[in-house]
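Everything below concerns the one structure shown next.
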Amino acid sequence: MARVLVVEDDQFVRSALIRHLTDASHTVRSVGTALEALREVAHVRFDVVILDLGLPDLDGSEALKMLRGITDVPVIVATARDDETEIVRLLNAGADDYLTKPFSVEHLSARMAAVLRRARSGAGEGEPSPVIRVGGLAVDPLRRQAELDGARLDLTRREFDLLAFLARRPGVVVPRKELLAEVWQQSYGDDQTIDVHLSWLRRKLGETAANPRYLHTLRGVGVKLEPPGAEAPR
């Protein structure tokens with residue numbers, strides 16, 4: 001199955017997670033501090049990390065940023081913090097998903113399965129895909145790189161996945177349910193997740209929701225990507 005790193009300082013929660021994941025045939029390693037987690041990912045290849053934020057040595061969001069500096073392993077944040085600002089901060093720091101405590105083992109299993117499916121499908125590309133061009137945008141799915149007017153875009157993995165998915169359908173309005181299913185590998189979810197990533201992507205494309213150039217949101221319908229100057233929807 002998967003090689004999982006559990007980063008959790010609460011011994012009761014940690015033991016429960018280890019037991020559940022082991023029963024599900026995953027290989028599990030666990031640590032109780034951020035520094036131990038950084039050492040683990042530097043020496044062991046994991047498929048997914050479950051990261052608690054309330055760590056004794058370092059705030060989990062800071063640990064997340066440090067993890068992102070050395071690995072692109074999918075990270076599911078487990079947090080008791082459920083306010084919108086905090087969720088945005090977590091996703092901005094590089095989290096692939098988040099769970100608000102307390103959560104059920106079934107919920108954790110579903111989120112893990114979605115994250116692992118997404119990571120494995122991205123790594124299992126067969127024939128090289130041609131570079132996708134939409135206006136001044138160039139998206140290279142094989143190298144997972146994107147440029148705007150010749151300048152390299154610094155995108156997170158999820159931002160790239162979202163951009164590439166929309167770029168393959170220029171001018172097509174993609175429903176939010178389809179984005180959740182194809183980009184996030186979830187059959188249900190919060191629109192806030194999509195909105196947050198669209199906001200970051202717009203910022204990196206040099207635009208805003210009020211003055212879009214490439215990314216256009218049709219309220220209650222979906223999102224589309226098209227080159228600047230394309231005819232606006234009627």
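Ordering of the structure tokens sets the chain letters (A, B, ...), residue numbers begin anew at 1 in every chain, and ligands are numbered from 1 in the order given.
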Leaving out Ile194 of chain A and any residue of its chain fewer than 6 positions from it, which residues lie within 8 Å of it when counting only C-alpha atoms, given as an NGL selection string? :A and (176 or 179-180)
What does the file look like for those residues with all heavy atoms, as a tab-separated table (two decimals), in the first residue's frame?
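selection_9.tsv was written with the following content:
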```tsv
chain	number	residue	atom	x	y	z
A	176	ARG	N	-17.34	23.19	-11.21
A	176	ARG	CA	-16.54	23.01	-9.99
A	176	ARG	C	-16.52	21.54	-9.56
A	176	ARG	O	-15.51	21.06	-9.05
A	176	ARG	CB	-17.09	23.89	-8.87
A	176	ARG	CG	-16.78	25.37	-9.10
A	176	ARG	CD	-17.49	26.25	-8.08
A	176	ARG	NE	-17.05	27.63	-8.26
A	176	ARG	CZ	-16.07	28.18	-7.56
A	176	ARG	NH1	-15.44	27.47	-6.65
A	176	ARG	NH2	-15.71	29.42	-7.77
A	179	LEU	N	-13.80	19.91	-11.42
A	179	LEU	CA	-12.48	20.27	-10.90
A	179	LEU	C	-12.17	19.47	-9.64
A	179	LEU	O	-11.05	18.97	-9.47
A	179	LEU	CB	-12.42	21.77	-10.60
A	179	LEU	CG	-12.40	22.71	-11.80
A	179	LEU	CD1	-12.45	24.17	-11.34
A	179	LEU	CD2	-11.17	22.47	-12.66
A	180	LEU	N	-13.13	19.35	-8.74
A	180	LEU	CA	-12.92	18.57	-7.52
A	180	LEU	C	-12.60	17.12	-7.86
A	180	LEU	O	-11.72	16.50	-7.27
A	180	LEU	CB	-14.15	18.64	-6.62
A	180	LEU	CG	-14.30	19.88	-5.75
A	180	LEU	CD1	-15.66	19.89	-5.07
A	180	LEU	CD2	-13.20	19.96	-4.71
```
Please identify all polymer residues within 7 Å of Ala167 of chain A, counting only C-alpha atoms, omitting same-chain residues fewer than 5 positions from it, and present them as a VMD selection string. chain A and resid 132 134 225
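Atom CA of His197 of chain A lies 17.9 Å from atom CA of Arg111 of chain A.
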Ser104 of chain A surroundings by only C-alpha atoms, 12 Å radius, close-in-sequence under 6 positions cut, as a VMD selection string: chain A and resid 13 16 to 17 20 78 110 to 111
Next, write the just-selected residues to a file, as a compact mmCIF listing (two decimals), in the first residue's frame, keeping N, CA and C atoms as the atom set.
```
# COMPACT_ATOMS: atom_id res chain seq x y z
N VAL A 13 -3.56 9.95 20.18
CA VAL A 13 -3.94 10.13 18.77
C VAL A 13 -2.95 9.41 17.86
N ALA A 16 -3.52 5.68 17.84
CA ALA A 16 -4.74 5.34 17.10
C ALA A 16 -4.51 5.41 15.59
N LEU A 17 -3.81 6.45 15.16
CA LEU A 17 -3.51 6.58 13.74
C LEU A 17 -2.62 5.43 13.25
N HIS A 20 -4.71 2.24 13.02
CA HIS A 20 -5.63 2.25 11.88
C HIS A 20 -4.90 2.08 10.55
N ALA A 78 -3.52 17.76 9.80
CA ALA A 78 -4.56 17.48 10.78
C ALA A 78 -4.55 18.60 11.81
N ALA A 110 -10.49 8.23 3.26
CA ALA A 110 -10.96 8.79 2.00
C ALA A 110 -10.04 9.89 1.50
N ARG A 111 -9.60 10.77 2.40
CA ARG A 111 -8.70 11.85 1.99
C ARG A 111 -7.34 11.30 1.56
```
DSSP helix (DSSP H, G or I) residues within segment 166-208 of chain A, as number ranges by chain: A: 166-167, 176-182, 191-204
DSSP strand (DSSP E or B) residues within segment 2-234 of chain A, listed as a PyMOL selection string: chain A and resi 3-7+27-31+48-52+75-79+97-100+132-134+137-140+145-148+151-152+174-175+215-218+222-225
I want to know what sits within 12 Å of Leu21 of chain A, based on only C-alpha atoms, with residues of the same chain fewer than 3 positions away left out; could you give that as number ranges by chain? A: 1-6, 14-18, 24-30, 48, 50, 105-106, 108-109, 112-113
Could you save the residues just selected, with N, CA and C atoms, as a tab-separated table (two decimals), in the first residue's frame?
```tsv
chain	number	residue	atom	x	y	z
A	1	MET	N	0.85	-1.19	0.00
A	1	MET	CA	0.00	0.00	0.00
A	1	MET	C	0.89	1.25	0.00
A	2	ALA	N	0.74	2.09	1.04
A	2	ALA	CA	1.49	3.34	1.07
A	2	ALA	C	2.45	3.39	2.25
A	3	ARG	N	3.53	4.15	2.07
A	3	ARG	CA	4.46	4.41	3.18
A	3	ARG	C	4.07	5.76	3.76
A	4	VAL	N	3.65	5.75	5.03
A	4	VAL	CA	3.06	6.93	5.65
A	4	VAL	C	3.92	7.40	6.82
A	5	LEU	N	4.11	8.72	6.90
A	5	LEU	CA	4.76	9.31	8.07
A	5	LEU	C	3.71	10.06	8.86
A	6	VAL	N	3.53	9.67	10.12
A	6	VAL	CA	2.60	10.35	11.02
A	6	VAL	C	3.40	11.28	11.93
A	14	ARG	N	-1.69	9.54	18.20
A	14	ARG	CA	-0.63	8.91	17.40
A	14	ARG	C	-0.79	7.39	17.35
A	15	SER	N	-1.04	6.79	18.49
A	15	SER	CA	-1.21	5.34	18.55
A	15	SER	C	-2.44	4.90	17.75
A	16	ALA	N	-3.52	5.68	17.84
A	16	ALA	CA	-4.74	5.34	17.10
A	16	ALA	C	-4.51	5.41	15.59
A	17	LEU	N	-3.81	6.45	15.16
A	17	LEU	CA	-3.51	6.58	13.74
A	17	LEU	C	-2.62	5.43	13.25
A	18	ILE	N	-1.60	5.12	14.02
A	18	ILE	CA	-0.70	4.03	13.64
A	18	ILE	C	-1.47	2.72	13.52
A	24	ALA	N	-4.82	-1.10	7.84
A	24	ALA	CA	-5.15	-0.91	6.42
A	24	ALA	C	-3.99	-1.29	5.50
A	25	SER	N	-2.97	-1.96	6.07
A	25	SER	CA	-1.83	-2.49	5.31
A	25	SER	C	-0.83	-1.44	4.86
A	26	HIS	N	-0.88	-0.25	5.47
A	26	HIS	CA	0.12	0.75	5.16
A	26	HIS	C	1.37	0.52	6.02
A	27	THR	N	2.51	0.96	5.51
A	27	THR	CA	3.75	0.96	6.30
A	27	THR	C	3.85	2.31	6.99
A	28	VAL	N	3.96	2.30	8.30
A	28	VAL	CA	3.86	3.55	9.07
A	28	VAL	C	5.12	3.80	9.88
A	29	ARG	N	5.60	5.03	9.81
A	29	ARG	CA	6.62	5.53	10.73
A	29	ARG	C	6.01	6.75	11.41
A	30	SER	N	6.40	6.99	12.65
A	30	SER	CA	5.81	8.11	13.37
A	30	SER	C	6.86	8.87	14.18
A	48	VAL	N	2.96	9.68	1.68
A	48	VAL	CA	2.10	10.73	2.23
A	48	VAL	C	2.53	11.01	3.66
A	50	ILE	N	1.08	12.76	7.28
A	50	ILE	CA	-0.04	13.30	8.05
A	50	ILE	C	0.57	14.17	9.14
A	105	VAL	N	-11.77	7.78	11.20
A	105	VAL	CA	-10.76	7.06	10.42
A	105	VAL	C	-11.24	6.88	8.98
A	106	GLU	N	-12.57	6.81	8.79
A	106	GLU	CA	-13.11	6.69	7.44
A	106	GLU	C	-12.83	7.95	6.63
A	108	LEU	N	-10.36	10.10	7.17
A	108	LEU	CA	-8.93	10.10	6.90
A	108	LEU	C	-8.61	9.16	5.74
A	109	SER	N	-9.19	7.97	5.74
A	109	SER	CA	-8.92	7.01	4.66
A	109	SER	C	-9.33	7.56	3.31
A	112	MET	N	-6.85	10.30	2.29
A	112	MET	CA	-5.57	9.68	1.91
A	112	MET	C	-5.67	9.04	0.53
A	113	ALA	N	-6.76	8.32	0.30
A	113	ALA	CA	-6.93	7.65	-1.00
A	113	ALA	C	-6.95	8.66	-2.14
```
